[in-house]
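What follows is a set of notes on a single structure, which appears directly below.
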Amino acid sequence: MESYHISGGKTLEGEYRLKGAKNAVLPILAATIISGRTSRIKNCPRLSDIRTMMAILEEMGCGVSWDGSDILVDSSPVNSFRIPQKLMKEIRSSVFLMGPTLARCGQVILSDPGGCAIGKRPIDIHLAALRLLGVDIAEKDGLLECRAKSLKGAVIPLSFPSVGATENVMMAAVMAEGETRILNPAKEPEIVDLQNYLTSCGADITGAGTEEIRIIGGLPLHETEYEPIPDRIEAGTILTAAAAVRGKVLLKGAAPEHMDSVLDCLEESGCKIWRQDHSVYLEASSPLKAVKPIETRPYPGFPTDMQSQFMALMCLAEGTTEITEAIFENRFKHVAELNRMGARIRIAGKTAMIEGVESLRGQRVTAADLRGGAALVIAGLAAEGDTIVENISHIDRGYDRLEDILTGLGARIERVVEP
Ligand code: EPU
């Protein structure tokens, strides 16, 4: 088991160039199956979730390789519509393979996806939407067997703007006959990015990021080179860490326009932020103060993927901050660990009340999920004394060697293999 050993109290200063967004790269890799051609996906982070997605594509017959920081996928030799069960259980985003495999093969067999244990995470919205496209879905021996004689364009109203369901429908509809309209879709920047990748292959999709996405299916697709958007959650995590240790950090290759809700909260907490076309700079020299109540929401609301990191920051702010987690039911596992470090957080249902304290103290803590793990690292950087964060395989799902990023900015953090 690997852990982070952190010596707290060092500030963060310097610059860092962001990598492509995990939550953009994963669905785009799944979408590479559709074209039956070659896709070069640029500036990808080396994350365990991405390695698992690459392994799944390989098992389905694709040629998959790294070329520097680009991933090359040749999907012409796809020879299977079965998503390998063991790999499926390793990552939640394996569910994104339903739409593309249906588009390419007309059928897909899969089990329930795995991923971070942050809530029930059902896939009912995905299944209801795919049924409207003409897919028959049966459950047999714990496996979902999905088949479509032919995919037919349809009007698909989503009961909730689920990111994954929106992406699955977009990918399946690219090969459906006629027009598909997705109503109440997710509007996250990663949805727009998937649209841009698919149109770079020759698909006809418009409206991503708005109230309605339209897809004209059945066009021939071709090879492509595509660079996904920068990771707004990696960016938010580094800026929040810098804020917690009164640092000064410049993020290059950023898209601050995707991060308004988080940057606004950082500003409200007393940090100075400069937003430019492809960079964002944070300077935290004034005392940190509590912010108005935050509730996680679909984009452009405050992202659930930044809730735990921002909570770690608010532990050190003057005053009390109220944070409500409205997307996932079980995304407060970091709270008990932060409290063991001296934080004062009370939970009532979906809401956490964070009463700021003067300082946190180093402690041995355990990451229970990806973003909660990042929150513990932030707390450890700001704490007095040494912190050990155990179970960092969760953190490796979403950050490409977080210790290297932070060490490059002046932190003292080391990856240690513990017996
Ligand atoms: N939901 C349903 N039924 C469905 C689908 C979703 O009830 O069929 C519920 C979920 O249980 C959850 C809510 O709707 O309570 C939102 O789920 P959504 O489908 O939007 O999320 P996702 O596609 O599973 C992606 C990201 C998550 C991120 C969420 C919300 C990827 C690979 N994952 O998940 O990222 O939290 O959108 O923005 O894109 C992370 O990076 O740490 C992470 C968990």
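For the structure tokens, the naming scheme is as follows: chains receive sequential letters (A, B, ...) according to their order of presentation, residues are indexed from 1 within each chain, and ligands are indexed from 1 in presentation order.
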
Within 7 Å of ligand 1: each chain A residue with its shortest pair, only C-alpha atoms and all ligand atoms, as a tab-separated table:
```
residue	atom	partner	partner_atom_place_in_ligand_line	distance
A:Asn23	CA	ligand 1	39 (O)	4.0
A:Ala24	CA	ligand 1	39 (O)	6.8
A:Leu26	CA	ligand 1	32 (C)	6.3
A:Arg92	CA	ligand 1	32 (C)	6.6
A:Ser93	CA	ligand 1	32 (C)	4.8
A:Cys116	CA	ligand 1	44 (C)	6.7
A:Gly119	CA	ligand 1	11 (O)	6.2
A:Lys120	CA	ligand 1	11 (O)	5.6
A:Arg121	CA	ligand 1	11 (O)	3.3
A:Pro122	CA	ligand 1	3 (N)	4.5
A:Ile123	CA	ligand 1	8 (O)	3.2
A:Asp124	CA	ligand 1	8 (O)	3.9
A:Ile125	CA	ligand 1	8 (O)	3.5
A:His126	CA	ligand 1	8 (O)	4.8
A:Phe160	CA	ligand 1	14 (O)	6.7
A:Pro161	CA	ligand 1	20 (O)	6.4
A:Ser162	CA	ligand 1	20 (O)	3.4
A:Val163	CA	ligand 1	20 (O)	3.8
A:Gly164	CA	ligand 1	23 (O)	3.4
A:Ala165	CA	ligand 1	19 (O)	5.9
A:Pro298	CA	ligand 1	38 (O)	6.3
A:Pro303	CA	ligand 1	38 (O)	6.3
A:Thr304	CA	ligand 1	36 (O)	5.6
A:Asp305	CA	ligand 1	42 (O)	5.1
A:Ile327	CA	ligand 1	15 (O)	4.7
A:Phe328	CA	ligand 1	15 (O)	4.2
A:Glu329	CA	ligand 1	15 (O)	6.7
A:Leu370	CA	ligand 1	42 (O)	5.8
A:Arg371	CA	ligand 1	42 (O)	5.6
A:Gly398	CA	ligand 1	41 (O)	6.6
```

Same residues, N, CA and C atoms, output as a PDB file, in the first residue's frame:
```pdb
ATOM      1  N   ASN A  23     -12.051  13.774 -16.847  1.00  0.00           N
ATOM      2  CA  ASN A  23     -13.451  13.509 -17.172  1.00  0.00           C
ATOM      3  C   ASN A  23     -13.826  13.903 -18.603  1.00  0.00           C
ATOM      4  N   ALA A  24     -12.858  14.473 -19.332  1.00  0.00           N
ATOM      5  CA  ALA A  24     -13.037  14.654 -20.776  1.00  0.00           C
ATOM      6  C   ALA A  24     -12.357  13.497 -21.515  1.00  0.00           C
ATOM      7  N   LEU A  26     -11.665  10.416 -20.541  1.00  0.00           N
ATOM      8  CA  LEU A  26     -12.281   9.078 -20.398  1.00  0.00           C
ATOM      9  C   LEU A  26     -13.424   8.852 -21.399  1.00  0.00           C
ATOM     10  N   ARG A  92     -15.753   3.570 -12.852  1.00  0.00           N
ATOM     11  CA  ARG A  92     -17.125   3.985 -13.122  1.00  0.00           C
ATOM     12  C   ARG A  92     -17.308   4.324 -14.609  1.00  0.00           C
ATOM     13  N   SER A  93     -16.273   4.932 -15.194  1.00  0.00           N
ATOM     14  CA  SER A  93     -16.441   5.437 -16.557  1.00  0.00           C
ATOM     15  C   SER A  93     -16.502   4.319 -17.592  1.00  0.00           C
ATOM     16  N   CYS A 116     -15.461   5.201  -7.544  1.00  0.00           N
ATOM     17  CA  CYS A 116     -15.423   5.690  -6.165  1.00  0.00           C
ATOM     18  C   CYS A 116     -16.754   5.432  -5.476  1.00  0.00           C
ATOM     19  N   GLY A 119     -21.634   7.163  -3.508  1.00  0.00           N
ATOM     20  CA  GLY A 119     -23.098   7.182  -3.535  1.00  0.00           C
ATOM     21  C   GLY A 119     -23.585   5.948  -4.266  1.00  0.00           C
ATOM     22  N   LYS A 120     -24.893   5.851  -4.426  1.00  0.00           N
ATOM     23  CA  LYS A 120     -25.474   4.642  -5.041  1.00  0.00           C
ATOM     24  C   LYS A 120     -25.080   4.540  -6.518  1.00  0.00           C
ATOM     25  N   ARG A 121     -25.025   5.671  -7.192  1.00  0.00           N
ATOM     26  CA  ARG A 121     -24.613   5.774  -8.595  1.00  0.00           C
ATOM     27  C   ARG A 121     -25.327   4.764  -9.517  1.00  0.00           C
ATOM     28  N   PRO A 122     -26.666   4.805  -9.554  1.00  0.00           N
ATOM     29  CA  PRO A 122     -27.386   3.909 -10.466  1.00  0.00           C
ATOM     30  C   PRO A 122     -27.186   4.346 -11.922  1.00  0.00           C
ATOM     31  N   ILE A 123     -27.615   3.497 -12.865  1.00  0.00           N
ATOM     32  CA  ILE A 123     -27.491   3.882 -14.286  1.00  0.00           C
ATOM     33  C   ILE A 123     -28.864   3.880 -14.974  1.00  0.00           C
ATOM     34  N   ASP A 124     -29.929   4.080 -14.157  1.00  0.00           N
ATOM     35  CA  ASP A 124     -31.280   4.044 -14.706  1.00  0.00           C
ATOM     36  C   ASP A 124     -31.506   5.088 -15.801  1.00  0.00           C
ATOM     37  N   ILE A 125     -30.904   6.272 -15.661  1.00  0.00           N
ATOM     38  CA  ILE A 125     -31.137   7.334 -16.658  1.00  0.00           C
ATOM     39  C   ILE A 125     -30.472   6.942 -17.989  1.00  0.00           C
ATOM     40  N   HIS A 126     -29.292   6.328 -17.904  1.00  0.00           N
ATOM     41  CA  HIS A 126     -28.615   5.845 -19.127  1.00  0.00           C
ATOM     42  C   HIS A 126     -29.525   4.843 -19.846  1.00  0.00           C
ATOM     43  N   PHE A 160     -32.739  13.927 -15.095  1.00  0.00           N
ATOM     44  CA  PHE A 160     -31.720  14.700 -14.371  1.00  0.00           C
ATOM     45  C   PHE A 160     -30.565  14.875 -15.361  1.00  0.00           C
ATOM     46  N   PRO A 161     -29.894  16.031 -15.339  1.00  0.00           N
ATOM     47  CA  PRO A 161     -28.815  16.229 -16.330  1.00  0.00           C
ATOM     48  C   PRO A 161     -27.557  15.434 -15.976  1.00  0.00           C
ATOM     49  N   SER A 162     -27.671  14.113 -16.038  1.00  0.00           N
ATOM     50  CA  SER A 162     -26.542  13.227 -15.723  1.00  0.00           C
ATOM     51  C   SER A 162     -25.446  13.388 -16.779  1.00  0.00           C
ATOM     52  N   VAL A 163     -24.217  13.567 -16.311  1.00  0.00           N
ATOM     53  CA  VAL A 163     -23.083  13.737 -17.221  1.00  0.00           C
ATOM     54  C   VAL A 163     -22.917  12.467 -18.066  1.00  0.00           C
ATOM     55  N   GLY A 164     -22.823  11.320 -17.388  1.00  0.00           N
ATOM     56  CA  GLY A 164     -22.567  10.067 -18.092  1.00  0.00           C
ATOM     57  C   GLY A 164     -23.699   9.694 -19.039  1.00  0.00           C
ATOM     58  N   ALA A 165     -24.956   9.910 -18.624  1.00  0.00           N
ATOM     59  CA  ALA A 165     -26.085   9.542 -19.490  1.00  0.00           C
ATOM     60  C   ALA A 165     -26.093  10.427 -20.732  1.00  0.00           C
ATOM     61  N   PRO A 298     -25.171  20.773 -10.715  1.00  0.00           N
ATOM     62  CA  PRO A 298     -24.651  20.554 -12.070  1.00  0.00           C
ATOM     63  C   PRO A 298     -24.057  21.868 -12.595  1.00  0.00           C
ATOM     64  N   PRO A 303     -18.945  22.637  -8.454  1.00  0.00           N
ATOM     65  CA  PRO A 303     -18.814  21.204  -8.784  1.00  0.00           C
ATOM     66  C   PRO A 303     -18.671  20.310  -7.554  1.00  0.00           C
ATOM     67  N   THR A 304     -19.391  19.224  -7.552  1.00  0.00           N
ATOM     68  CA  THR A 304     -19.247  18.232  -6.472  1.00  0.00           C
ATOM     69  C   THR A 304     -17.794  17.753  -6.382  1.00  0.00           C
ATOM     70  N   ASP A 305     -17.081  17.753  -7.525  1.00  0.00           N
ATOM     71  CA  ASP A 305     -15.696  17.257  -7.521  1.00  0.00           C
ATOM     72  C   ASP A 305     -14.722  18.208  -6.821  1.00  0.00           C
ATOM     73  N   ILE A 327     -25.314  16.430  -4.997  1.00  0.00           N
ATOM     74  CA  ILE A 327     -25.215  15.524  -6.161  1.00  0.00           C
ATOM     75  C   ILE A 327     -25.064  14.072  -5.707  1.00  0.00           C
ATOM     76  N   PHE A 328     -24.113  13.789  -4.820  1.00  0.00           N
ATOM     77  CA  PHE A 328     -23.879  12.404  -4.363  1.00  0.00           C
ATOM     78  C   PHE A 328     -24.260  12.275  -2.893  1.00  0.00           C
ATOM     79  N   GLU A 329     -24.780  11.105  -2.506  1.00  0.00           N
ATOM     80  CA  GLU A 329     -25.287  10.916  -1.134  1.00  0.00           C
ATOM     81  C   GLU A 329     -24.183  10.643  -0.137  1.00  0.00           C
ATOM     82  N   LEU A 370     -11.399   9.571  -4.240  1.00  0.00           N
ATOM     83  CA  LEU A 370     -10.436  10.418  -4.962  1.00  0.00           C
ATOM     84  C   LEU A 370     -10.382  11.855  -4.432  1.00  0.00           C
ATOM     85  N   ARG A 371     -11.504  12.560  -4.484  1.00  0.00           N
ATOM     86  CA  ARG A 371     -11.456  13.997  -4.129  1.00  0.00           C
ATOM     87  C   ARG A 371     -11.329  14.181  -2.616  1.00  0.00           C
ATOM     88  N   GLY A 398      -7.220  10.068 -10.217  1.00  0.00           N
ATOM     89  CA  GLY A 398      -7.576  11.357 -10.826  1.00  0.00           C
ATOM     90  C   GLY A 398      -6.472  12.393 -10.877  1.00  0.00           C
TER      91      GLY A 398
END
```

What's the 8 Å shell around Thr38 (chain A), counting only C-alpha atoms, without same-chain residues fewer than 4 positions away, as an MDAnalysis selection string? chainID A and resid 32 72:76 222:224

Let's see if you can do this: from backbone DSSP, list all strand (DSSP E or B) residues in region 136-244 of chain A, as a ChimeraX atom specification. /A:136-140,143-147,152,155-157,177,179-183,204-206,212-216,224-226,230

Put those residues in a file: N, CA and C atoms, as a CSV table (one decimal), in the first residue's frame.
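After the write, out.csv holds the following:
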```
chain,number,residue,atom,x,y,z
A,136,ASP,N,-32.9,-2.8,-26.8
A,136,ASP,CA,-33.5,-3.7,-25.9
A,136,ASP,C,-32.5,-4.1,-24.8
A,137,ILE,N,-32.9,-4.0,-23.5
A,137,ILE,CA,-32.0,-4.2,-22.5
A,137,ILE,C,-32.5,-5.3,-21.6
A,138,ALA,N,-31.7,-6.4,-21.4
A,138,ALA,CA,-32.2,-7.5,-20.5
A,138,ALA,C,-31.1,-7.8,-19.5
A,139,GLU,N,-31.5,-8.2,-18.3
A,139,GLU,CA,-30.5,-8.5,-17.3
A,139,GLU,C,-30.4,-10.0,-17.2
A,140,LYS,N,-29.2,-10.6,-17.3
A,140,LYS,CA,-29.1,-12.1,-17.3
A,140,LYS,C,-27.8,-12.4,-16.5
A,143,LEU,N,-25.5,-9.8,-15.6
A,143,LEU,CA,-24.9,-9.0,-16.7
A,143,LEU,C,-26.1,-8.2,-17.5
A,144,LEU,N,-25.7,-7.1,-18.0
A,144,LEU,CA,-26.7,-6.3,-18.8
A,144,LEU,C,-26.5,-6.6,-20.3
A,145,GLU,N,-27.5,-7.1,-21.0
A,145,GLU,CA,-27.3,-7.4,-22.4
A,145,GLU,C,-28.1,-6.4,-23.2
A,146,CYS,N,-27.5,-5.6,-23.9
A,146,CYS,CA,-28.1,-4.5,-24.6
A,146,CYS,C,-28.0,-4.8,-26.1
A,147,ARG,N,-29.1,-4.7,-26.8
A,147,ARG,CA,-29.1,-5.0,-28.3
A,147,ARG,C,-30.0,-4.1,-29.0
A,152,LYS,N,-32.4,4.2,-33.6
A,152,LYS,CA,-33.3,5.1,-34.3
A,152,LYS,C,-33.2,6.4,-33.5
A,155,VAL,N,-36.4,11.8,-29.5
A,155,VAL,CA,-36.4,12.9,-28.6
A,155,VAL,C,-36.2,12.3,-27.2
A,156,ILE,N,-35.1,12.7,-26.5
A,156,ILE,CA,-34.7,12.0,-25.2
A,156,ILE,C,-34.7,13.0,-24.1
A,157,PRO,N,-35.8,13.1,-23.3
A,157,PRO,CA,-35.7,14.0,-22.2
A,157,PRO,C,-35.1,13.3,-21.0
A,177,GLU,N,-30.2,6.3,-36.8
A,177,GLU,CA,-30.8,6.8,-38.1
A,177,GLU,C,-31.6,8.1,-37.7
A,179,GLU,N,-32.5,12.1,-36.7
A,179,GLU,CA,-32.2,13.1,-35.7
A,179,GLU,C,-32.5,12.7,-34.2
A,180,THR,N,-31.5,13.0,-33.3
A,180,THR,CA,-31.8,12.8,-31.9
A,180,THR,C,-31.7,14.1,-31.2
A,181,ARG,N,-32.7,14.4,-30.3
A,181,ARG,CA,-32.6,15.6,-29.5
A,181,ARG,C,-32.6,15.2,-28.0
A,182,ILE,N,-31.5,15.7,-27.3
A,182,ILE,CA,-31.4,15.4,-25.9
A,182,ILE,C,-31.9,16.6,-25.2
A,183,LEU,N,-33.0,16.5,-24.4
A,183,LEU,CA,-33.5,17.6,-23.6
A,183,LEU,C,-33.0,17.5,-22.2
A,204,ASP,N,-22.2,15.1,-36.8
A,204,ASP,CA,-23.0,16.3,-36.8
A,204,ASP,C,-23.7,16.5,-35.5
A,205,ILE,N,-23.1,17.2,-34.6
A,205,ILE,CA,-23.7,17.4,-33.2
A,205,ILE,C,-23.6,18.9,-32.9
A,206,THR,N,-24.7,19.5,-32.4
A,206,THR,CA,-24.7,20.9,-32.0
A,206,THR,C,-25.4,21.0,-30.7
A,212,GLU,N,-30.4,22.0,-25.1
A,212,GLU,CA,-30.8,20.9,-26.0
A,212,GLU,C,-29.6,20.6,-26.9
A,213,ILE,N,-29.3,19.3,-27.0
A,213,ILE,CA,-28.3,18.8,-27.9
A,213,ILE,C,-28.9,18.1,-29.1
A,214,ARG,N,-28.5,18.4,-30.3
A,214,ARG,CA,-29.1,17.8,-31.5
A,214,ARG,C,-28.0,17.0,-32.2
A,215,ILE,N,-28.3,15.8,-32.6
A,215,ILE,CA,-27.4,14.9,-33.3
A,215,ILE,C,-28.0,14.4,-34.6
A,216,ILE,N,-27.4,14.6,-35.7
A,216,ILE,CA,-27.8,13.9,-36.9
A,216,ILE,C,-27.0,12.7,-37.1
A,224,THR,N,-8.8,11.3,-36.6
A,224,THR,CA,-8.7,12.6,-36.1
A,224,THR,C,-7.6,12.8,-35.1
A,225,GLU,N,-7.2,14.0,-34.8
A,225,GLU,CA,-6.3,14.4,-33.8
A,225,GLU,C,-7.0,15.4,-32.9
A,226,TYR,N,-7.0,15.2,-31.6
A,226,TYR,CA,-7.8,16.1,-30.8
A,226,TYR,C,-7.2,16.3,-29.4
A,230,PRO,N,-8.4,21.5,-20.6
A,230,PRO,CA,-7.6,21.3,-19.4
A,230,PRO,C,-8.5,20.9,-18.3
```

Closest contacts (region 270-380 of chain A/region 235-251 of chain A, max 6 Å, only C-alpha atoms) as a Markdown table:
```
| residue | atom | partner | partner_atom | distance |
| --- | --- | --- | --- | --- |
| A:Ser279 | CA | A:Leu251 | CA | 5.5 |
| A:Val280 | CA | A:Leu251 | CA | 5.3 |
| A:Tyr281 | CA | A:Leu250 | CA | 4.3 |
| A:Leu282 | CA | A:Val249 | CA | 5.4 |
| A:Glu283 | CA | A:Lys248 | CA | 4.4 |
| A:Ala284 | CA | A:Arg246 | CA | 4.7 |
| A:Ser285 | CA | A:Arg246 | CA | 5.7 |
| A:Leu313 | CA | A:Ala244 | CA | 5.5 |
| A:Ile378 | CA | A:Ala241 | CA | 5.1 |
```

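The interatomic distance for the pair CA of Lys289 (chain A) and CA of Ile347 (chain A) works out to 20.1 Å.
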
Using only C-alpha atoms: which of A:Ser111, A:Ser3, A:Thr11, A:Asn330 has the shortest distance to Glu390 (chain A):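 Ranked by minimum distance to Glu390 (chain A), first place goes to A:Ser3.
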